[in-house]
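A.B. asks: Please find structure-v9.cif (mmCIF, C-alpha atoms and all ligand atoms) on the next line:
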data_target
loop_
_atom_site.label_atom_id
_atom_site.label_comp_id
_atom_site.auth_asym_id
_atom_site.auth_seq_id
_atom_site.Cartn_x
_atom_site.Cartn_y
_atom_site.Cartn_z
CA MET A 1 -52.13 133.20 365.83
CA ARG A 2 -53.20 135.21 362.82
CA VAL A 3 -52.95 138.94 363.53
CA GLY A 4 -54.54 141.74 361.49
CA LEU A 5 -52.92 145.19 361.47
CA LEU A 6 -54.47 148.47 360.35
CA THR A 7 -53.67 152.17 360.35
CA GLY A 8 -56.64 154.57 360.60
CA GLY A 9 -57.31 158.31 360.64
CA GLY A 10 -54.86 160.98 359.54
CA ASP A 11 -51.48 159.43 358.81
CA CYS A 12 -48.34 160.47 360.67
CA PRO A 13 -44.62 159.71 360.61
CA GLY A 14 -43.83 156.50 362.50
CA LEU A 15 -46.74 154.29 361.36
CA ASN A 16 -44.41 152.09 359.32
CA ALA A 17 -42.05 151.68 362.27
CA VAL A 18 -44.93 150.27 364.35
CA ILE A 19 -45.94 147.90 361.56
CA ARG A 20 -42.35 146.65 361.20
CA ALA A 21 -42.02 146.05 364.94
CA VAL A 22 -45.38 144.26 365.37
CA VAL A 23 -44.68 141.94 362.44
CA THR A 24 -41.03 141.25 363.22
CA VAL A 25 -41.42 140.69 366.96
CA GLY A 26 -44.73 138.84 366.56
CA ARG A 27 -43.17 136.46 364.03
CA ARG A 28 -39.76 135.95 365.63
CA ARG A 29 -40.85 135.67 369.27
CA TYR A 30 -44.33 134.19 369.00
CA GLY A 31 -44.58 132.66 365.52
CA HIS A 32 -47.54 134.92 364.66
CA GLU A 33 -48.73 135.33 361.09
CA HIS A 34 -49.76 138.83 359.97
CA VAL A 35 -52.29 140.30 357.61
CA GLY A 36 -52.35 144.00 356.70
CA LEU A 37 -55.90 145.40 356.50
CA LEU A 38 -55.81 148.14 353.86
CA ARG A 39 -57.05 151.72 354.43
CA GLY A 40 -58.07 151.47 358.07
CA TRP A 41 -61.32 149.85 359.18
CA ARG A 42 -62.44 149.86 355.54
CA GLY A 43 -59.96 147.04 354.88
CA LEU A 44 -61.64 144.90 357.53
CA ILE A 45 -65.21 145.54 356.36
CA GLU A 46 -64.29 144.98 352.70
CA ALA A 47 -61.82 142.13 353.40
CA ASP A 48 -59.19 144.12 351.53
CA SER A 49 -55.93 142.78 352.88
CA ARG A 50 -52.40 141.59 352.14
CA PRO A 51 -50.09 139.20 353.94
CA LEU A 52 -47.19 140.77 355.85
CA THR A 53 -43.93 138.97 356.61
CA PRO A 54 -40.78 140.33 358.29
CA ASP A 55 -39.24 140.54 354.80
CA ASP A 56 -42.16 142.68 353.59
CA VAL A 57 -41.59 145.20 356.38
CA ALA A 58 -37.77 145.24 356.42
CA GLY A 59 -36.45 148.77 356.03
CA ILE A 60 -39.78 150.59 356.22
CA ALA A 61 -39.30 152.14 359.69
CA VAL A 62 -37.59 155.21 358.27
CA ARG A 63 -40.35 155.92 355.76
CA GLY A 64 -43.23 158.33 356.38
CA GLY A 65 -46.87 157.52 355.62
CA THR A 66 -48.18 153.98 355.96
CA ILE A 67 -47.68 151.01 353.67
CA LEU A 68 -51.23 149.91 354.61
CA GLY A 69 -52.95 153.15 353.59
CA SER A 70 -55.41 154.94 355.84
CA SER A 71 -58.97 156.26 355.89
CA ARG A 72 -61.45 157.70 358.32
CA THR A 73 -63.95 154.87 357.76
CA ASN A 74 -66.05 154.23 360.87
CA PRO A 75 -67.77 150.80 360.82
CA PHE A 76 -70.26 151.97 363.45
CA THR A 77 -71.84 154.38 360.94
CA LEU A 78 -72.97 151.32 358.93
CA ARG A 79 -76.09 149.34 359.74
CA ASP A 80 -75.08 146.57 362.16
CA GLY A 81 -71.55 147.86 361.55
CA GLY A 82 -70.08 146.42 364.78
CA GLU A 83 -71.40 142.93 364.06
CA ARG A 84 -70.36 143.17 360.41
CA ALA A 85 -66.82 144.08 361.48
CA ALA A 86 -66.71 141.20 363.99
CA GLN A 87 -67.96 138.77 361.33
CA ALA A 88 -65.37 140.12 358.85
CA ALA A 89 -62.63 139.45 361.41
CA ARG A 90 -63.88 135.87 361.83
CA ASP A 91 -64.12 135.41 358.03
CA LEU A 92 -60.50 136.52 357.68
CA GLY A 93 -59.54 134.06 360.42
CA LEU A 94 -58.11 136.80 362.63
CA ASP A 95 -57.27 135.95 366.25
CA ALA A 96 -56.35 139.56 367.04
CA ILE A 97 -56.34 143.02 365.49
CA VAL A 98 -53.68 145.63 366.19
CA ALA A 99 -55.23 149.05 365.45
CA ILE A 100 -52.80 151.94 365.09
CA GLY A 101 -54.62 155.23 365.30
CA GLY A 102 -55.91 158.19 367.23
CA GLU A 103 -59.03 158.75 369.27
CA ASP A 104 -61.45 157.70 366.51
CA THR A 105 -59.67 154.54 365.30
CA LEU A 106 -59.00 153.42 368.86
CA GLY A 107 -62.58 154.26 369.85
CA VAL A 108 -63.72 151.71 367.25
CA ALA A 109 -61.14 149.18 368.54
CA ASN A 110 -62.49 149.67 372.06
CA ARG A 111 -66.12 149.24 371.05
CA LEU A 112 -65.35 146.17 368.92
CA HIS A 113 -63.63 144.64 371.92
CA GLU A 114 -66.22 145.63 374.53
CA GLU A 115 -69.41 145.14 372.51
CA HIS A 116 -68.47 142.41 370.01
CA ALA A 117 -65.67 140.47 371.73
CA VAL A 118 -63.14 141.22 368.99
CA PRO A 119 -59.62 140.83 370.48
CA THR A 120 -58.04 144.25 369.80
CA VAL A 121 -54.83 145.98 370.85
CA GLY A 122 -54.33 149.73 370.28
CA VAL A 123 -51.24 151.79 369.47
CA PRO A 124 -51.56 155.58 369.92
CA LYS A 125 -50.67 157.79 366.96
CA THR A 126 -51.46 161.38 366.09
CA ILE A 127 -49.51 164.53 365.42
CA ASP A 128 -52.06 166.23 367.69
CA ASN A 129 -50.82 164.43 370.86
CA ASP A 130 -54.35 164.69 372.23
CA LEU A 131 -54.86 161.07 373.36
CA SER A 132 -55.33 160.50 377.06
CA ALA A 133 -53.45 157.85 379.06
CA THR A 134 -50.13 158.35 377.29
CA ASP A 135 -47.51 161.07 377.68
CA TYR A 136 -46.88 161.17 373.94
CA THR A 137 -48.29 159.75 370.74
CA PHE A 138 -45.69 158.98 368.07
CA GLY A 139 -45.61 161.41 365.13
CA PHE A 140 -46.06 164.39 367.42
CA TRP A 141 -42.40 165.40 367.80
CA THR A 142 -41.79 165.05 364.05
CA ALA A 143 -44.65 167.48 363.43
CA VAL A 144 -43.29 169.82 366.12
CA GLN A 145 -39.89 169.80 364.39
CA ILE A 146 -41.42 170.49 360.97
CA ALA A 147 -43.51 173.37 362.35
CA THR A 148 -40.51 174.75 364.27
CA ASP A 149 -38.35 174.72 361.13
CA ALA A 150 -41.13 176.56 359.30
CA ILE A 151 -41.46 179.18 362.06
CA ASP A 152 -37.68 179.74 362.00
CA ARG A 153 -37.84 180.38 358.27
CA VAL A 154 -40.94 182.53 358.44
CA LYS A 155 -39.31 184.69 361.09
CA THR A 156 -36.34 185.80 358.98
CA THR A 157 -38.52 186.85 356.07
CA ALA A 158 -41.05 188.55 358.39
CA GLU A 159 -38.17 190.60 359.82
CA SER A 160 -36.78 191.55 356.41
CA HIS A 161 -40.16 192.92 355.31
CA ASP A 162 -41.56 194.31 358.59
CA ARG A 163 -44.53 191.98 358.26
CA ILE A 164 -46.84 190.07 360.54
CA LEU A 165 -46.88 186.39 359.55
CA ALA A 166 -49.70 184.29 360.96
CA VAL A 167 -48.72 180.61 360.94
CA GLU A 168 -51.52 178.05 361.11
CA VAL A 169 -50.64 174.59 362.40
CA MET A 170 -52.84 171.50 362.75
CA GLY A 171 -54.83 170.82 365.91
CA ARG A 172 -58.59 171.00 365.90
CA HIS A 173 -59.28 170.56 369.59
CA ALA A 174 -55.88 170.57 371.29
CA GLY A 175 -53.03 173.04 370.98
CA TRP A 176 -50.04 170.79 371.77
CA LEU A 177 -48.45 171.24 368.37
CA ALA A 178 -48.90 175.03 368.24
CA LEU A 179 -47.67 175.39 371.81
CA GLN A 180 -44.49 173.31 371.53
CA ALA A 181 -43.55 174.58 368.06
CA GLY A 182 -44.39 178.12 369.12
CA ILE A 183 -42.17 177.86 372.20
CA ALA A 184 -39.35 176.25 370.19
CA GLY A 185 -39.62 178.87 367.44
CA ASN A 186 -39.91 181.82 369.87
CA ALA A 187 -43.30 182.87 368.47
CA ASP A 188 -44.52 186.32 369.47
CA ALA A 189 -47.95 184.90 370.36
CA ILE A 190 -49.42 181.40 370.40
CA LEU A 191 -53.14 180.78 370.10
CA ILE A 192 -54.61 177.40 371.04
CA PRO A 193 -58.18 176.07 371.17
CA GLU A 194 -58.07 175.50 374.95
CA VAL A 195 -57.52 179.17 375.82
CA ALA A 196 -59.92 181.86 374.63
CA ALA A 197 -58.01 184.63 372.86
CA SER A 198 -59.24 187.93 371.49
CA LEU A 199 -57.99 189.90 368.54
CA ASP A 200 -57.52 192.82 370.94
CA GLN A 201 -54.90 190.81 372.85
CA VAL A 202 -53.04 189.78 369.71
CA GLU A 203 -53.16 193.34 368.40
CA GLY A 204 -51.74 194.43 371.76
CA TYR A 205 -48.74 192.08 371.38
CA VAL A 206 -48.06 193.32 367.84
CA ARG A 207 -48.35 196.98 368.88
CA SER A 208 -46.10 196.59 371.91
CA ARG A 209 -43.43 195.00 369.69
CA ALA A 210 -43.79 197.79 367.12
CA ALA A 211 -43.43 200.37 369.90
CA ARG A 212 -40.07 198.73 370.77
CA GLY A 213 -38.91 199.01 367.15
CA ARG A 214 -39.85 195.46 366.12
CA ARG A 215 -42.30 195.94 363.30
CA PHE A 216 -42.43 192.22 362.53
CA SER A 217 -44.32 189.54 364.46
CA VAL A 218 -44.85 185.83 364.05
CA ILE A 219 -48.15 184.55 365.45
CA VAL A 220 -48.66 180.77 365.69
CA ALA A 221 -52.24 179.50 365.85
CA SER A 222 -53.88 176.07 366.00
CA GLU A 223 -56.36 175.57 363.18
CA GLY A 224 -59.18 175.03 365.69
CA VAL A 225 -58.79 178.36 367.49
CA GLU A 226 -61.89 180.47 367.91
CA LEU A 227 -61.11 184.14 367.69
CA ALA A 228 -63.46 186.52 369.41
CA SER A 229 -64.98 188.77 366.72
CA ALA A 230 -63.44 186.83 363.81
CA GLY A 231 -65.83 183.89 363.45
CA ASP A 232 -65.38 180.24 364.26
CA ALA A 233 -63.05 177.94 362.31
CA THR A 234 -65.72 175.24 362.19
CA GLU A 235 -68.39 177.51 360.71
CA GLY A 236 -70.07 176.16 357.56
CA ARG A 237 -67.72 173.16 357.19
CA ASP A 238 -68.71 169.60 356.28
CA LEU A 239 -68.17 166.67 358.65
CA ASP A 240 -66.12 163.47 358.38
CA GLU A 241 -67.42 160.00 359.42
CA PHE A 242 -66.51 160.66 363.04
CA GLY A 243 -68.48 163.94 363.05
CA HIS A 244 -65.43 166.24 363.02
CA ALA A 245 -65.59 169.43 361.01
CA ARG A 246 -63.15 169.52 358.10
CA LEU A 247 -61.25 172.74 358.72
CA ALA A 248 -58.95 175.19 357.03
CA LYS A 249 -60.81 176.22 353.91
CA VAL A 250 -60.64 179.78 355.21
CA GLY A 251 -58.43 179.16 358.15
CA VAL A 252 -57.50 181.08 361.24
CA ALA A 253 -54.23 182.34 359.70
CA GLN A 254 -56.04 184.14 356.93
CA ARG A 255 -58.58 185.63 359.30
CA LEU A 256 -55.84 186.71 361.68
CA ALA A 257 -53.73 188.27 358.94
CA GLU A 258 -56.66 190.23 357.51
CA ALA A 259 -57.80 191.49 360.89
CA LEU A 260 -54.32 192.42 362.16
CA GLN A 261 -53.39 194.28 358.99
CA GLU A 262 -56.59 196.26 359.15
CA ARG A 263 -56.15 197.08 362.83
CA THR A 264 -52.41 197.88 362.89
CA GLY A 265 -51.64 199.04 359.34
CA ILE A 266 -48.73 196.57 359.29
CA GLU A 267 -48.71 194.26 356.28
CA ALA A 268 -49.76 190.76 357.31
CA ARG A 269 -49.78 187.40 355.48
CA PRO A 270 -51.10 183.95 356.32
CA VAL A 271 -48.95 180.78 356.21
CA VAL A 272 -50.82 177.48 356.38
CA LEU A 273 -48.50 174.54 357.04
CA GLY A 274 -51.18 171.91 356.35
CA HIS A 275 -50.23 168.36 355.48
CA VAL A 276 -46.51 169.15 355.30
CA GLN A 277 -46.70 168.59 359.07
CA ARG A 278 -47.78 164.97 358.62
CA GLY A 279 -45.47 163.98 355.77
CA GLY A 280 -41.92 162.71 355.41
CA THR A 281 -39.61 160.71 357.60
CA PRO A 282 -40.06 160.51 361.38
CA VAL A 283 -37.48 162.13 363.66
CA ALA A 284 -35.35 159.67 365.67
CA PHE A 285 -37.50 160.05 368.81
CA ASP A 286 -40.65 159.01 366.92
CA ARG A 287 -38.89 156.07 365.21
CA VAL A 288 -37.78 154.76 368.59
CA LEU A 289 -41.12 155.42 370.29
CA ALA A 290 -43.06 153.80 367.44
CA THR A 291 -40.75 150.77 367.53
CA ARG A 292 -41.15 150.41 371.31
CA TYR A 293 -44.94 150.67 370.95
CA GLY A 294 -44.88 148.01 368.23
CA VAL A 295 -42.81 145.66 370.38
CA ARG A 296 -45.23 146.06 373.30
CA ALA A 297 -48.26 145.60 371.00
CA ALA A 298 -46.81 142.28 369.75
CA GLU A 299 -46.25 141.24 373.36
CA LEU A 300 -49.83 142.15 374.30
CA VAL A 301 -51.12 139.97 371.46
CA GLY A 302 -48.84 137.13 372.61
CA GLU A 303 -50.01 137.51 376.23
CA GLY A 304 -53.71 137.88 375.33
CA GLY A 305 -53.79 141.45 376.68
CA PHE A 306 -56.76 142.57 374.61
CA GLY A 307 -58.77 145.77 375.00
CA ARG A 308 -55.51 147.51 375.90
CA MET A 309 -53.30 150.21 374.39
CA THR A 310 -49.56 150.73 374.56
CA ALA A 311 -48.59 153.99 376.27
CA LEU A 312 -45.57 156.03 377.34
CA ARG A 313 -45.34 157.03 381.02
CA GLY A 314 -42.15 158.91 381.70
CA ASP A 315 -39.49 156.69 380.15
CA ALA A 316 -41.46 153.46 380.44
CA ILE A 317 -43.65 151.73 377.88
CA VAL A 318 -46.75 150.47 379.68
CA ASP A 319 -50.20 149.34 378.66
CA VAL A 320 -53.53 150.85 379.66
CA PRO A 321 -57.20 150.05 379.00
CA LEU A 322 -58.29 151.32 375.58
CA ALA A 323 -61.33 152.76 377.31
CA ASP A 324 -59.09 155.12 379.34
CA ALA A 325 -57.35 156.38 376.23
CA VAL A 326 -60.52 157.32 374.38
CA ALA A 327 -62.66 158.53 377.29
CA GLU A 328 -61.69 162.18 376.81
CA LEU A 329 -59.20 164.24 374.84
CA LYS A 330 -55.96 165.27 376.51
CA LEU A 331 -55.84 169.06 376.40
CA VAL A 332 -53.03 171.51 377.13
CA PRO A 333 -53.05 172.38 380.85
CA ARG A 334 -53.44 176.04 381.69
CA GLU A 335 -50.08 176.30 383.52
CA LEU A 336 -48.13 175.11 380.49
CA TYR A 337 -49.77 177.79 378.36
CA GLU A 338 -49.16 180.44 380.98
CA ALA A 339 -45.44 179.66 381.03
CA ALA A 340 -45.33 180.31 377.28
CA GLU A 341 -47.55 183.42 377.54
CA THR A 342 -44.92 185.30 379.56
CA PHE A 343 -42.84 185.55 376.36
CA PHE A 344 -45.61 186.96 374.13
CA GLY A 345 -45.40 190.47 372.69
O1 LIG A 401 -56.00 164.25 363.59
C1 LIG A 401 -54.86 164.51 362.89
C2 LIG A 401 -55.04 165.67 361.95
O2 LIG A 401 -53.80 165.86 361.32
C3 LIG A 401 -55.55 166.98 362.57
O3 LIG A 401 -54.57 167.74 363.19
C4 LIG A 401 -56.14 167.66 361.38
O4 LIG A 401 -57.13 168.60 361.74
C5 LIG A 401 -56.74 166.56 360.61
O5 LIG A 401 -55.99 165.39 360.94
C6 LIG A 401 -56.73 166.79 359.12
O6 LIG A 401 -57.34 165.72 358.50
P1 LIG A 401 -57.40 165.48 356.93
O7 LIG A 401 -56.08 164.95 356.50
O8 LIG A 401 -58.47 164.48 356.77
O9 LIG A 401 -57.68 166.80 356.31
#
Step by step, read the file and then write its structure as structure tokens.
C.D. replies:
Amino acid sequence: MRVGLLTGGGDCPGLNAVIRAVVTVGRRRYGHEHVGLLRGWRGLIEADSRPLTPDDVAGIAVRGGTILGSSRTNPFTLRDGGERAAQAARDLGLDAIVAIGGEDTLGVANRLHEEHAVPTVGVPKTIDNDLSATDYTFGFWTAVQIATDAIDRVKTTAESHDRILAVEVMGRHAGWLALQAGIAGNADAILIPEVAASLDQVEGYVRSRAARGRRFSVIVASEGVELASAGDATEGRDLDEFGHARLAKVGVAQRLAEALQERTGIEARPVVLGHVQRGGTPVAFDRVLATRYGVRAAELVGEGGFGRMTALRGDAIVDVPLADAVAELKLVPRELYEAAETFFG
């Protein structure tokens, strides 16, 4: 079999570990041949590809980014895009496509399989951890560690200067990253898109700390948070090919810092972690998870398990219908947030 691989959407640490596992296991166990489609679905549409052998992928599992490049190209925005993509797969002689991506990339894989009979297998990635049908996406815990390290550092300087530091982390719709990094870094408040928060509440946390002699506070906020009376993070932004607002030109950290300084008289500064959270080498957990996902994806191709996605359930790697994974976003449950909330202020 000739197997195409692609990485789509925002990159994240662990993509290369999946590629290495799919190619190595596919070749050694099943005799598959592999073709890397460059820059996501764009590589398929434009037939921009390169051969991949186990030698080509040796040693890449520890490296961040993706050797295949990535983009947010959505074939379904093109005229007859689904059929063009299916024809491109036939022209390249592909018997299967392994798509490594988040909700958008896997949504395309699902539609190509369901509507155009393209044999696809999905692997769930995103630092946002907002894909349904899996406990964790790879890349998430690396981003949590990076954000936690940043919060630790921000805290010591906030304390030295009696400042409020508002730390903005990625997460447009789901607050997994802010929540876990905020808990790990002992943030004084955590704001996530799933739970409406008001500036009055945040001001209350800062004031109650100040009243106890702690004139510094570290507030962690997801970039997609809407703050009552401080505007909406998506206001006036342009959209990507999947219709998502591009955020963080004037992000929530800046708006929080300005508003809190004005309300409390305590000096406040924004810290935007941005793409630092997606870069660099994966932590060990993500390397292992990505490798296990890649092994299962190669097996699914070998078994003809198309229209399916690898997933983590507890300690087990399983596979689930792609349609289940992309049906709705996985959001932070209220009780998890409430457990963290007890520590605020
Ligand atoms: O979906 C992953 C993600 O990292 C989001 O958390 C973030 O909002 C977005 O990608 C940023 O995308 P870009 O790199 O295109 O600015």
A.B. asks: Applying 7 Å and only C-alpha atoms, which residues near range 141-158 of chain A remain after dropping the ones on its own chain fewer than 4 positions away? List them as a ChimeraX atom specification.
C.D. replies: /A:13,127,162-165,177,180-181,184-185,216-218,277-278,282-283,286
A.B. asks: Point out the residue among A:Lys125, A:Arg263, A:Arg215, A:Arg79 with the least atom-to-atom distance to ligand LIG 401 (chain A), counting all atoms listed in the file.
C.D. replies: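 Looking at the shortest contact to ligand LIG 401 (chain A), the residue is A:Lys125.
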A.B. asks: Go through A:His173, A:Arg42, A:Arg334, A:Arg28 one by one, measure the shortest atom-to-atom distance of each to ligand LIG 401 (chain A) using all atoms listed in the file, and give the residue with the smallest value.
C.D. replies: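 Of all the options, A:His173 lies closest to ligand LIG 401 (chain A).
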A.B. asks: So that each row is one residue of range 16-135 of chain A with an atom at most 9 Å from range 317-321 of chain A, can you give its shortest atom pair and the distance in Å to one decimal, using only C-alpha atoms, rows by chain and rising number, as JSON lines?
C.D. replies:
{"residue": "A:Asn110", "atom": "CA", "partner": "A:Pro321", "partner_atom": "CA", "distance": 8.7}
{"residue": "A:Ala133", "atom": "CA", "partner": "A:Val320", "partner_atom": "CA", "distance": 7.0}
{"residue": "A:Thr134", "atom": "CA", "partner": "A:Val320", "partner_atom": "CA", "distance": 8.6}
A.B. asks: Counting all atoms listed in the file, name the residues that have an atom within 6 Å of an atom of ligand LIG 401 (chain A); the answer should be given as a PyMOL selection string.
C.D. replies: chain A and resi 10+126-128+170-172
A.B. asks: Which residue gives the smallest distance to Thr24 in chain A among A:Asp55, A:Val108, A:Val272, A:Ala221, with only C-alpha atoms counted?
C.D. replies: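 Of A:Asp55, A:Val108, A:Val272, A:Ala221, the one nearest Thr24 in chain A is A:Asp55, counting only C-alpha atoms.
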A.B. asks: What does the structure give for the distance between CA of Gly265 in chain A and CA of Arg209 in chain A, in Å to one decimal?
C.D. replies: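 Separation of CA of Gly265 in chain A and CA of Arg209 in chain A: 13.8 Å.
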A.B. asks: Show me, as a list in words, the residues that have an atom within 10 Å of Leu329 in chain A when counting only C-alpha atoms, minus same-chain residues fewer than 6 positions from it.
C.D. replies: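 Close residues of Leu329 in chain A: Glu103, Asn129, Asp130, Leu131, Ser132, Ala133, His173 and Ala174 of chain A.
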A.B. asks: Can you tell me how far CA of Phe306 in chain A sits from CA of Phe140 in chain A, in Å to one decimal?
C.D. replies: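 A separation of 25.3 Å between them.
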A.B. asks: Find the residue from A:Gly243, A:Gly182, A:Gly14, A:Pro54 that sits nearest to Asn74 in chain A; use all atoms listed in the file when measuring.
C.D. replies: A:Gly243
A.B. asks: Please list as JSON, numbers by chain every residue within 12 Å of Ser70 in chain A, counting only C-alpha atoms and excluding residues in the same chain fewer than 2 positions away.
C.D. replies: {"A": [5, 6, 7, 8, 9, 10, 11, 12, 15, 16, 36, 37, 38, 39, 40, 41, 42, 43, 44, 65, 66, 67, 68, 72, 73, 74, 99, 100, 101, 102, 105]}
A.B. asks: Could you please determine the separation between CA of Asn186 in chain A and CA of His275 in chain A in Å, to one decimal place?
C.D. replies: 22.2 Å
A.B. asks: Taking (-39.0, 151.3, 358.3) in the coordinates of the supplied file, I want to know which residues reach to within 10 Å of it, counting all atoms listed in the file; could you give the answer as a PDB file with C-alpha atoms, in the frame of the given file?
C.D. replies:
ATOM      1  CA  GLY A  14     -43.830 156.500 362.500  1.00  0.00           C
ATOM      2  CA  LEU A  15     -46.740 154.290 361.360  1.00  0.00           C
ATOM      3  CA  ASN A  16     -44.410 152.090 359.320  1.00  0.00           C
ATOM      4  CA  ALA A  17     -42.050 151.680 362.270  1.00  0.00           C
ATOM      5  CA  VAL A  18     -44.930 150.270 364.350  1.00  0.00           C
ATOM      6  CA  ILE A  19     -45.940 147.900 361.560  1.00  0.00           C
ATOM      7  CA  ARG A  20     -42.350 146.650 361.200  1.00  0.00           C
ATOM      8  CA  ALA A  21     -42.020 146.050 364.940  1.00  0.00           C
ATOM      9  CA  VAL A  57     -41.590 145.200 356.380  1.00  0.00           C
ATOM     10  CA  ALA A  58     -37.770 145.240 356.420  1.00  0.00           C
ATOM     11  CA  GLY A  59     -36.450 148.770 356.030  1.00  0.00           C
ATOM     12  CA  ILE A  60     -39.780 150.590 356.220  1.00  0.00           C
ATOM     13  CA  ALA A  61     -39.300 152.140 359.690  1.00  0.00           C
ATOM     14  CA  VAL A  62     -37.590 155.210 358.270  1.00  0.00           C
ATOM     15  CA  ARG A  63     -40.350 155.920 355.760  1.00  0.00           C
ATOM     16  CA  GLY A  64     -43.230 158.330 356.380  1.00  0.00           C
ATOM     17  CA  THR A  66     -48.180 153.980 355.960  1.00  0.00           C
ATOM     18  CA  ILE A  67     -47.680 151.010 353.670  1.00  0.00           C
ATOM     19  CA  THR A 281     -39.610 160.710 357.600  1.00  0.00           C
ATOM     20  CA  PRO A 282     -40.060 160.510 361.380  1.00  0.00           C
ATOM     21  CA  ARG A 287     -38.890 156.070 365.210  1.00  0.00           C
ATOM     22  CA  THR A 291     -40.750 150.770 367.530  1.00  0.00           C
TER      23      THR A 291
END
A.B. asks: Please, can range 280-285 of chain A be completed to all heavy atoms and returned as a tab-separated table (two decimals), in the frame of the given file?
C.D. replies:
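Result file is result.tsv:
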chain	number	residue	atom	x	y	z
A	280	GLY	N	-43.37	162.90	355.32
A	280	GLY	CA	-41.92	162.71	355.41
A	280	GLY	C	-41.50	161.77	356.51
A	280	GLY	O	-42.31	161.13	357.18
A	281	THR	N	-40.18	161.70	356.68
A	281	THR	CA	-39.61	160.71	357.60
A	281	THR	C	-39.77	161.14	359.06
A	281	THR	O	-39.72	162.33	359.37
A	281	THR	CB	-38.11	160.52	357.33
A	281	THR	OG1	-37.47	161.78	357.54
A	281	THR	CG2	-37.84	160.06	355.92
A	282	PRO	N	-39.95	160.17	359.95
A	282	PRO	CA	-40.06	160.51	361.38
A	282	PRO	C	-38.70	160.92	361.96
A	282	PRO	O	-37.67	160.40	361.52
A	282	PRO	CB	-40.53	159.21	362.03
A	282	PRO	CG	-40.39	158.13	361.01
A	282	PRO	CD	-40.15	158.75	359.66
A	283	VAL	N	-38.71	161.83	362.94
A	283	VAL	CA	-37.48	162.13	363.66
A	283	VAL	C	-37.11	160.89	364.49
A	283	VAL	O	-37.94	160.00	364.71
A	283	VAL	CB	-37.62	163.38	364.58
A	283	VAL	CG1	-37.88	164.63	363.77
A	283	VAL	CG2	-38.71	163.17	365.63
A	284	ALA	N	-35.85	160.86	364.97
A	284	ALA	CA	-35.35	159.67	365.67
A	284	ALA	C	-36.24	159.31	366.87
A	284	ALA	O	-36.54	158.14	367.11
A	284	ALA	CB	-33.91	159.90	366.12
A	285	PHE	N	-36.67	160.33	367.63
A	285	PHE	CA	-37.50	160.05	368.81
A	285	PHE	C	-38.74	159.26	368.41
A	285	PHE	O	-39.12	158.28	369.07
A	285	PHE	CB	-37.91	161.36	369.50
A	285	PHE	CG	-38.78	161.15	370.71
A	285	PHE	CD1	-38.22	160.94	371.96
A	285	PHE	CD2	-40.17	161.12	370.60
A	285	PHE	CE1	-39.03	160.72	373.08
A	285	PHE	CE2	-40.99	160.89	371.70
A	285	PHE	CZ	-40.41	160.70	372.95
